[in-house]
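Asker: If it helps, the file is called input.pdb and holds PDB, C-alpha atoms:
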ATOM      1  CA  MET Q   1      18.190  -0.192  17.288
ATOM      2  CA  ALA Q   2      20.573   0.928  20.021
ATOM      3  CA  ASP Q   3      22.913   3.857  19.621
ATOM      4  CA  THR Q   4      25.944   1.869  20.778
ATOM      5  CA  GLY Q   5      28.620   1.390  18.174
ATOM      6  CA  PHE Q   6      27.644   4.462  16.168
ATOM      7  CA  TRP Q   7      29.900   7.013  17.852
ATOM      8  CA  LEU Q   8      33.486   7.692  16.862
ATOM      9  CA  PRO Q   9      35.708   8.138  19.917
ATOM     10  CA  GLY Q  10      36.916  11.735  19.852
ATOM     11  CA  GLY Q  11      34.812  12.511  16.762
ATOM     12  CA  ASP Q  12      32.799  15.676  16.550
ATOM     13  CA  GLU Q  13      28.987  15.667  16.475
ATOM     14  CA  GLN Q  14      28.788  15.987  12.673
ATOM     15  CA  GLN Q  15      31.168  13.042  12.115
ATOM     16  CA  ASN Q  16      29.219  10.907  14.586
ATOM     17  CA  ARG Q  17      25.883  11.775  12.975
ATOM     18  CA  HIS Q  18      27.293  10.715   9.586
ATOM     19  CA  VAL Q  19      28.586   7.400  10.990
ATOM     20  CA  LYS Q  20      25.228   6.734  12.657
ATOM     21  CA  LYS Q  21      23.290   7.472   9.443
ATOM     22  CA  SER Q  22      25.551   5.349   7.221
ATOM     23  CA  THR Q  23      25.420   2.435   9.695
ATOM     24  CA  LEU Q  24      21.633   2.705   9.912
ATOM     25  CA  HIS Q  25      21.250   2.913   6.128
ATOM     26  CA  SER Q  26      23.410  -0.148   5.448
ATOM     27  CA  ALA Q  27      21.543  -2.170   8.108
ATOM     28  CA  TRP Q  28      18.206  -0.984   6.736
ATOM     29  CA  HIS Q  29      19.005  -1.916   3.126
ATOM     30  CA  GLU Q  30      19.788  -5.464   4.236
ATOM     31  CA  LYS Q  31      16.341  -5.770   5.851
ATOM     32  CA  LEU Q  32      14.179  -4.003   3.252
ATOM     33  CA  THR Q  33      10.936  -5.787   2.467
ATOM     34  CA  ASN Q  34       8.943  -5.500  -0.764
ATOM     35  CA  ALA Q  35       6.507  -3.324   1.203
ATOM     36  CA  ASP Q  36       9.372  -0.959   2.194
ATOM     37  CA  ARG Q  37      10.556  -0.831  -1.416
ATOM     38  CA  LEU Q  38       7.022  -0.008  -2.578
ATOM     39  CA  ALA Q  39       6.752   2.829  -0.019
ATOM     40  CA  SER Q  40      10.149   4.239  -1.062
ATOM     41  CA  THR Q  41       9.230   4.038  -4.740
ATOM     42  CA  ILE Q  42       5.900   5.779  -4.145
ATOM     43  CA  LEU Q  43       7.752   8.609  -2.382
ATOM     44  CA  ALA Q  44      10.206   8.891  -5.286
ATOM     45  CA  THR Q  45       7.333   8.753  -7.805
ATOM     46  CA  ILE Q  46       5.446  11.526  -6.024
ATOM     47  CA  TYR Q  47       8.500  13.788  -6.096
ATOM     48  CA  SER Q  48       9.499  12.910  -9.657
ATOM     49  CA  HIS Q  49       6.034  13.987 -10.842
ATOM     50  CA  SER Q  50       5.994  17.130  -8.719
ATOM     51  CA  ARG Q  51       6.173  20.412 -10.604
ATOM     52  CA  ALA Q  52       8.086  22.071  -7.756
ATOM     53  CA  ALA Q  53      11.733  21.283  -7.199
ATOM     54  CA  ALA Q  54      12.223  19.434  -3.918
ATOM     55  CA  SER Q  55      15.397  19.529  -1.902
ATOM     56  CA  GLN Q  56      16.906  16.268  -0.675
ATOM     57  CA  SER Q  57      16.251  17.378   2.927
ATOM     58  CA  LYS Q  58      12.530  17.843   2.150
ATOM     59  CA  ILE Q  59      12.313  14.387   0.577
ATOM     60  CA  GLY Q  60      14.228  12.952   3.534
ATOM     61  CA  PHE Q  61      11.717  14.511   5.945
ATOM     62  CA  ASP Q  62       8.700  13.054   4.174
ATOM     63  CA  CYS Q  63       7.734   9.466   4.719
ATOM     64  CA  VAL Q  64       5.402   7.130   2.863
ATOM     65  CA  ALA Q  65       3.829   4.140   4.579
ATOM     66  CA  VAL Q  66       2.021   1.274   2.868
ATOM     67  CA  GLY Q  67      -0.200  -0.933   5.000
ATOM     68  CA  ILE Q  68      -0.900  -4.197   3.221
ATOM     69  CA  VAL Q  69      -4.035  -5.969   4.424
ATOM     70  CA  GLY Q  70      -4.907  -9.422   3.183
ATOM     71  CA  LEU Q  71      -1.725 -11.107   2.086
ATOM     72  CA  SER Q  72      -3.030 -12.771  -1.043
ATOM     73  CA  SER Q  73      -2.993 -12.270  -4.784
ATOM     74  CA  GLU Q  74      -5.489  -9.404  -4.327
ATOM     75  CA  SER Q  75      -4.426  -7.376  -1.304
ATOM     76  CA  THR Q  76      -5.491  -3.881  -0.306
ATOM     77  CA  PHE Q  77      -2.676  -1.311  -0.131
ATOM     78  CA  TYR Q  78      -3.421   1.592   2.215
ATOM     79  CA  VAL Q  79      -1.007   4.435   1.441
ATOM     80  CA  ALA Q  80      -0.292   7.478   3.633
ATOM     81  CA  VAL Q  81       2.278  10.274   3.443
ATOM     82  CA  ASN Q  82       3.577  12.692   6.071
ATOM     83  CA  GLY Q  83       2.945  16.270   5.109
ATOM     84  CA  ILE Q  84       0.888  16.027   1.901
ATOM     85  CA  SER Q  85      -2.539  14.795   0.861
ATOM     86  CA  LEU Q  86      -2.530  11.688  -1.292
ATOM     87  CA  SER Q  87      -6.076  11.932  -2.621
ATOM     88  CA  HIS Q  88      -5.226  14.470  -5.342
ATOM     89  CA  LEU Q  89      -1.995  12.629  -6.176
ATOM     90  CA  THR Q  90      -3.646   9.248  -6.772
ATOM     91  CA  SER Q  91      -6.204  10.947  -9.023
ATOM     92  CA  ASN Q  92      -3.255  11.938 -11.238
ATOM     93  CA  GLU Q  93      -3.347   9.185 -13.866
ATOM     94  CA  GLU Q  94       0.399   9.307 -14.546
ATOM     95  CA  ILE Q  95       1.291   8.857 -10.864
ATOM     96  CA  ARG Q  96      -1.357   6.156 -10.398
ATOM     97  CA  LEU Q  97       0.016   4.192 -13.372
ATOM     98  CA  SER Q  98       3.588   4.570 -12.075
ATOM     99  CA  ILE Q  99       2.543   3.111  -8.720
ATOM    100  CA  ILE Q 100       0.698   0.225 -10.423
ATOM    101  CA  ASN Q 101       3.791  -0.526 -12.548
ATOM    102  CA  VAL Q 102       5.971  -0.628  -9.420
ATOM    103  CA  MET Q 103       3.506  -3.023  -7.811
ATOM    104  CA  LYS Q 104       3.593  -5.286 -10.887
ATOM    105  CA  GLU Q 105       7.407  -5.322 -10.896
ATOM    106  CA  GLY Q 106       7.317  -6.522  -7.279
ATOM    107  CA  CYS Q 107       4.649  -9.132  -8.118
ATOM    108  CA  LEU Q 108       2.128  -7.222  -6.002
ATOM    109  CA  SER Q 109      -1.453  -6.726  -7.048
ATOM    110  CA  GLY Q 110      -4.486  -5.242  -5.413
ATOM    111  CA  VAL Q 111      -6.406  -2.079  -4.693
ATOM    112  CA  ILE Q 112      -4.682   1.182  -3.714
ATOM    113  CA  VAL Q 113      -6.506   3.202  -1.040
ATOM    114  CA  PRO Q 114      -5.142   6.685  -0.246
ATOM    115  CA  VAL Q 115      -5.337   7.660   3.429
ATOM    116  CA  ASP Q 116      -5.533  11.357   4.298
ATOM    117  CA  CYS Q 117      -3.797  12.676   7.397
ATOM    118  CA  PRO Q 118      -6.156  13.330  10.358
ATOM    119  CA  SER Q 119      -3.570  15.581  12.107
ATOM    120  CA  GLN Q 120      -0.269  17.245  11.181
ATOM    121  CA  GLY Q 121       1.806  15.327  13.736
ATOM    122  CA  MET Q 122       0.477  11.856  12.919
ATOM    123  CA  HIS Q 123       3.139   9.760  11.202
ATOM    124  CA  ALA Q 124       2.201   7.898   8.028
ATOM    125  CA  GLU Q 125       2.211   4.485   9.740
ATOM    126  CA  MET Q 126      -0.169   5.755  12.427
ATOM    127  CA  GLN Q 127      -2.440   7.385   9.828
ATOM    128  CA  ILE Q 128      -3.019   3.940   8.321
ATOM    129  CA  LEU Q 129      -3.761   2.305  11.695
ATOM    130  CA  HIS Q 130      -6.101   5.196  12.600
ATOM    131  CA  TYR Q 131      -7.892   4.809   9.241
ATOM    132  CA  LEU Q 132      -8.283   1.040   9.644
ATOM    133  CA  SER Q 133      -9.538   1.386  13.238
ATOM    134  CA  ALA Q 134     -12.122   4.003  12.214
ATOM    135  CA  ARG Q 135     -13.442   1.555   9.611
ATOM    136  CA  GLY Q 136     -13.843  -1.323  12.051
ATOM    137  CA  PHE Q 137     -10.720  -3.375  11.299
ATOM    138  CA  ASP Q 138      -9.422  -5.355  14.267
ATOM    139  CA  VAL Q 139      -5.812  -5.033  13.094
ATOM    140  CA  PRO Q 140      -4.210  -7.366  15.698
ATOM    141  CA  LYS Q 141      -6.393 -10.177  14.311
ATOM    142  CA  CYS Q 142      -5.737  -9.292  10.646
ATOM    143  CA  SER Q 143      -2.635 -10.050   8.655
ATOM    144  CA  VAL Q 144      -1.075  -6.604   8.204
ATOM    145  CA  VAL Q 145       2.380  -5.713   6.913
ATOM    146  CA  MET Q 146       3.625  -2.118   7.102
ATOM    147  CA  GLY Q 147       6.146  -0.939   4.549
ATOM    148  CA  VAL Q 148       7.807   2.397   5.256
ATOM    149  CA  SER Q 149      10.121   4.543   3.128
ATOM    150  CA  LYS Q 150      12.441   5.017   6.134
ATOM    151  CA  PRO Q 151      12.762   3.353   9.554
ATOM    152  CA  CYS Q 152       9.835   3.923  11.931
ATOM    153  CA  CYS Q 153      10.345   6.040  15.034
ATOM    154  CA  PHE Q 154      10.346   4.259  18.405
ATOM    155  CA  GLN Q 155       6.789   5.436  19.231
ATOM    156  CA  CYS Q 156       5.406   4.079  15.941
ATOM    157  CA  ALA Q 157       7.339   0.814  16.384
ATOM    158  CA  THR Q 158       5.818   0.352  19.848
ATOM    159  CA  ILE Q 159       2.258   0.849  18.543
ATOM    160  CA  LEU Q 160       2.907  -1.419  15.535
ATOM    161  CA  ARG Q 161       4.233  -4.180  17.819
ATOM    162  CA  HIS Q 162       1.222  -3.879  20.161
ATOM    163  CA  SER Q 163      -1.032  -4.039  17.089
ATOM    164  CA  ASN Q 164       0.657  -7.208  15.791
ATOM    165  CA  VAL Q 165       1.742  -5.447  12.575
ATOM    166  CA  ALA Q 166       4.878  -6.679  10.804
ATOM    167  CA  PHE Q 167       7.489  -4.012   9.925
ATOM    168  CA  SER Q 168      11.215  -4.013   9.232
ATOM    169  CA  LEU Q 169      13.163  -1.389  11.213
ATOM    170  CA  TYR Q 170      12.889   1.492  13.651
ATOM    171  CA  HIS Q 171      15.207   4.113  15.133
ATOM    172  CA  THR Q 172      15.545   5.523  18.638
ATOM    173  CA  ASP Q 173      16.198   9.176  17.781
ATOM    174  CA  LYS Q 174      14.013  11.643  19.670
ATOM    175  CA  VAL Q 175      10.902  12.663  17.712
ATOM    176  CA  GLU Q 176       9.189  15.879  18.737
ATOM    177  CA  ASN Q 177       6.211  15.976  16.367
ATOM    178  CA  TRP Q 178       4.194  12.808  17.034
ATOM    179  CA  ASP Q 179       0.433  12.404  17.498
ATOM    180  CA  ALA Q 180      -1.015   9.130  18.722
ATOM    181  CA  PRO Q 181      -3.735   7.512  16.617
ATOM    182  CA  THR Q 182      -7.125   6.571  18.044
ATOM    183  CA  LEU Q 183      -7.176   2.764  17.995
ATOM    184  CA  LYS Q 184     -10.083   0.664  19.237
ATOM    185  CA  TRP Q 185      -7.883  -2.342  20.040
ATOM    186  CA  LEU Q 186      -5.448  -0.546  22.397
TER     187      LEU Q 186
END
As structure tokens, how would this structure be written, given the file I've shared?
Answerer:
Amino acid sequence: MADTGFWLPGGDEQQNRHVKKSTLHSAWHEKLTNADRLASTILATIYSHSRAAASQSKIGFDCVAVGIVGLSSESTFYVAVNGISLSHLTSNEEIRLSIINVMKEGCLSGVIVPVDCPSQGMHAEMQILHYLSARGFDVPKCSVVMGVSKPCCFQCATILRHSNVAFSLYHTDKVENWDAPTLKWL
């Protein structure tokens, strides 16, 4: 998504950032997929069951990705989160049931597989591709859809495109903390 059209002539940096975010958010909501909605709901579910109060900026920083492999009535949902381990969260019965209920509401069924982060700078989308590659999946030849709780960064979008993975939106803002996944097919 290009930056053109987001800037207010004569506006200060804060005004322009607000215009850019609101434009991006309205465009993103129009293109949300069920996979994106599932990722966003998982993020909200994680924070609603958290004992610690989370600021909106912390929630905004975190990102959940859901890689759906095998687009059928029984798909596998690989779930990764920036910044926190999912393995202890999915063992929480209340959170697990909340996620299953969200899947049912969206007419999605299948197995949920938590993916733990191999490095601090690896974005959630890349964690899933790294996980699949390490387990022998040839992702470009599989049918994979990536749902993300917010638009992918440009680097992730480039890797997803080269891996033949369907996703909805990306942004072009500079990202400083990004680690590339190890992928056998690239």
Asker: At a cut-off of 8 Å, using all atoms listed in the file, what residues contact Q:Asn164? Leave out same-chain residues fewer than 5 positions from it and give the result as a count of residues only.
Answerer: 4
Asker: Smallest atom-to-atom distance to Q:Thr182: which of Q:Lys150, Q:Arg135, Q:Arg161, Q:His130, using only C-alpha atoms?
Answerer: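 Going through Q:Lys150, Q:Arg135, Q:Arg161, Q:His130 one by one, the smallest distance to Q:Thr182 is for Q:His130.
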Asker: Need the shell around Q:Ala35: protein/DNA/RNA residues with any atom at most 8 Å away, counting all atoms listed in the file. Skip same-chain ones fewer than 6 positions apart. Format as a VMD selection string?
Answerer: chain Q and resid 66 68 145 to 148
Asker: For the selection just defined, write its residues with C-alpha atoms to a file, as a CSV table (one decimal), in the frame of the given file.
Answerer:
chain,number,residue,atom,x,y,z
Q,66,VAL,CA,2.0,1.3,2.9
Q,68,ILE,CA,-0.9,-4.2,3.2
Q,145,VAL,CA,2.4,-5.7,6.9
Q,146,MET,CA,3.6,-2.1,7.1
Q,147,GLY,CA,6.1,-0.9,4.5
Q,148,VAL,CA,7.8,2.4,5.3
Asker: With only C-alpha atoms as the atoms that count, which of Q:Ser149, Q:Ser143, Q:Thr172, Q:Asn177 lies nearest to Q:Met122?
Answerer: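 When distances to Q:Met122 are compared using only C-alpha atoms, the smallest one comes from Q:Asn177.
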Asker: Between Q:Glu74, Q:Glu125, Q:Glu176, Q:Glu105, which is the closest to Q:Ser163 once you count all atoms listed in the file?
Answerer: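 With all atoms listed in the file as the atom set, the closest residue is Q:Glu125.
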Asker: Which of these, Q:Lys184, Q:Asp138, Q:Pro151, Q:Ser75, has the shortest distance to Q:Cys107 once you count all atoms listed in the file?
Answerer: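 Of all the options, Q:Ser75 lies closest to Q:Cys107.
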Asker: Mind pulling up the distance from atom CA of Q:Ala80 to atom CA of Q:Pro114?
Answerer: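 That distance, rounded to one decimal, is 6.3 Å.
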Asker: Quick one: which residues end up in the PyMOL selection byres ((chain Q and resi 153) around 7) for this structure, as a VMD selection string?
Answerer: chain Q and resid 151 to 152 154 to 157 170 to 172
Asker: Next, dump the selected residues to file, keeping only C-alpha atoms, as a compact mmCIF listing (two decimals), in the frame of the given file.
Answerer:
# COMPACT_ATOMS: atom_id res chain seq x y z
CA PRO Q 151 12.76 3.35 9.55
CA CYS Q 152 9.84 3.92 11.93
CA PHE Q 154 10.35 4.26 18.40
CA GLN Q 155 6.79 5.44 19.23
CA CYS Q 156 5.41 4.08 15.94
CA ALA Q 157 7.34 0.81 16.38
CA TYR Q 170 12.89 1.49 13.65
CA HIS Q 171 15.21 4.11 15.13
CA THR Q 172 15.54 5.52 18.64
Asker: Could you jot down the atom CA of Q:Gly121 to atom CA of Q:Ala180 separation for me, Å, one decimal place?
Answerer: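 Going from atom CA of Q:Gly121 over to atom CA of Q:Ala180, I get 8.4 Å.
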Asker: Between atom CA of Q:Thr45 and atom CA of Q:Val102, what is the spacing in Å?
Answerer: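 Spanning atom CA of Q:Val102 to atom CA of Q:Thr45 is a straight-line distance of 9.6 Å.
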Asker: Would you place a box with edges along x, y and z of the file around all atoms of stretch 139-153 of chain Q listed there, add 8 Å to each of its six sides, and report the centre and edge lengths in Å to one decimal, as lines of an AutoDock Vina configuration file?
Answerer:
center_x = 3.2
center_y = -2.1
center_z = 9.4
size_x = 35.2
size_y = 32.2
size_z = 28.6
Asker: Using all atoms listed in the file, which residue out of Q:Trp185, Q:Tyr131, Q:Phe167, Q:Trp178 lies closest to Q:Leu32?
Answerer: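 Looking at the shortest contact to Q:Leu32, the residue is Q:Phe167.
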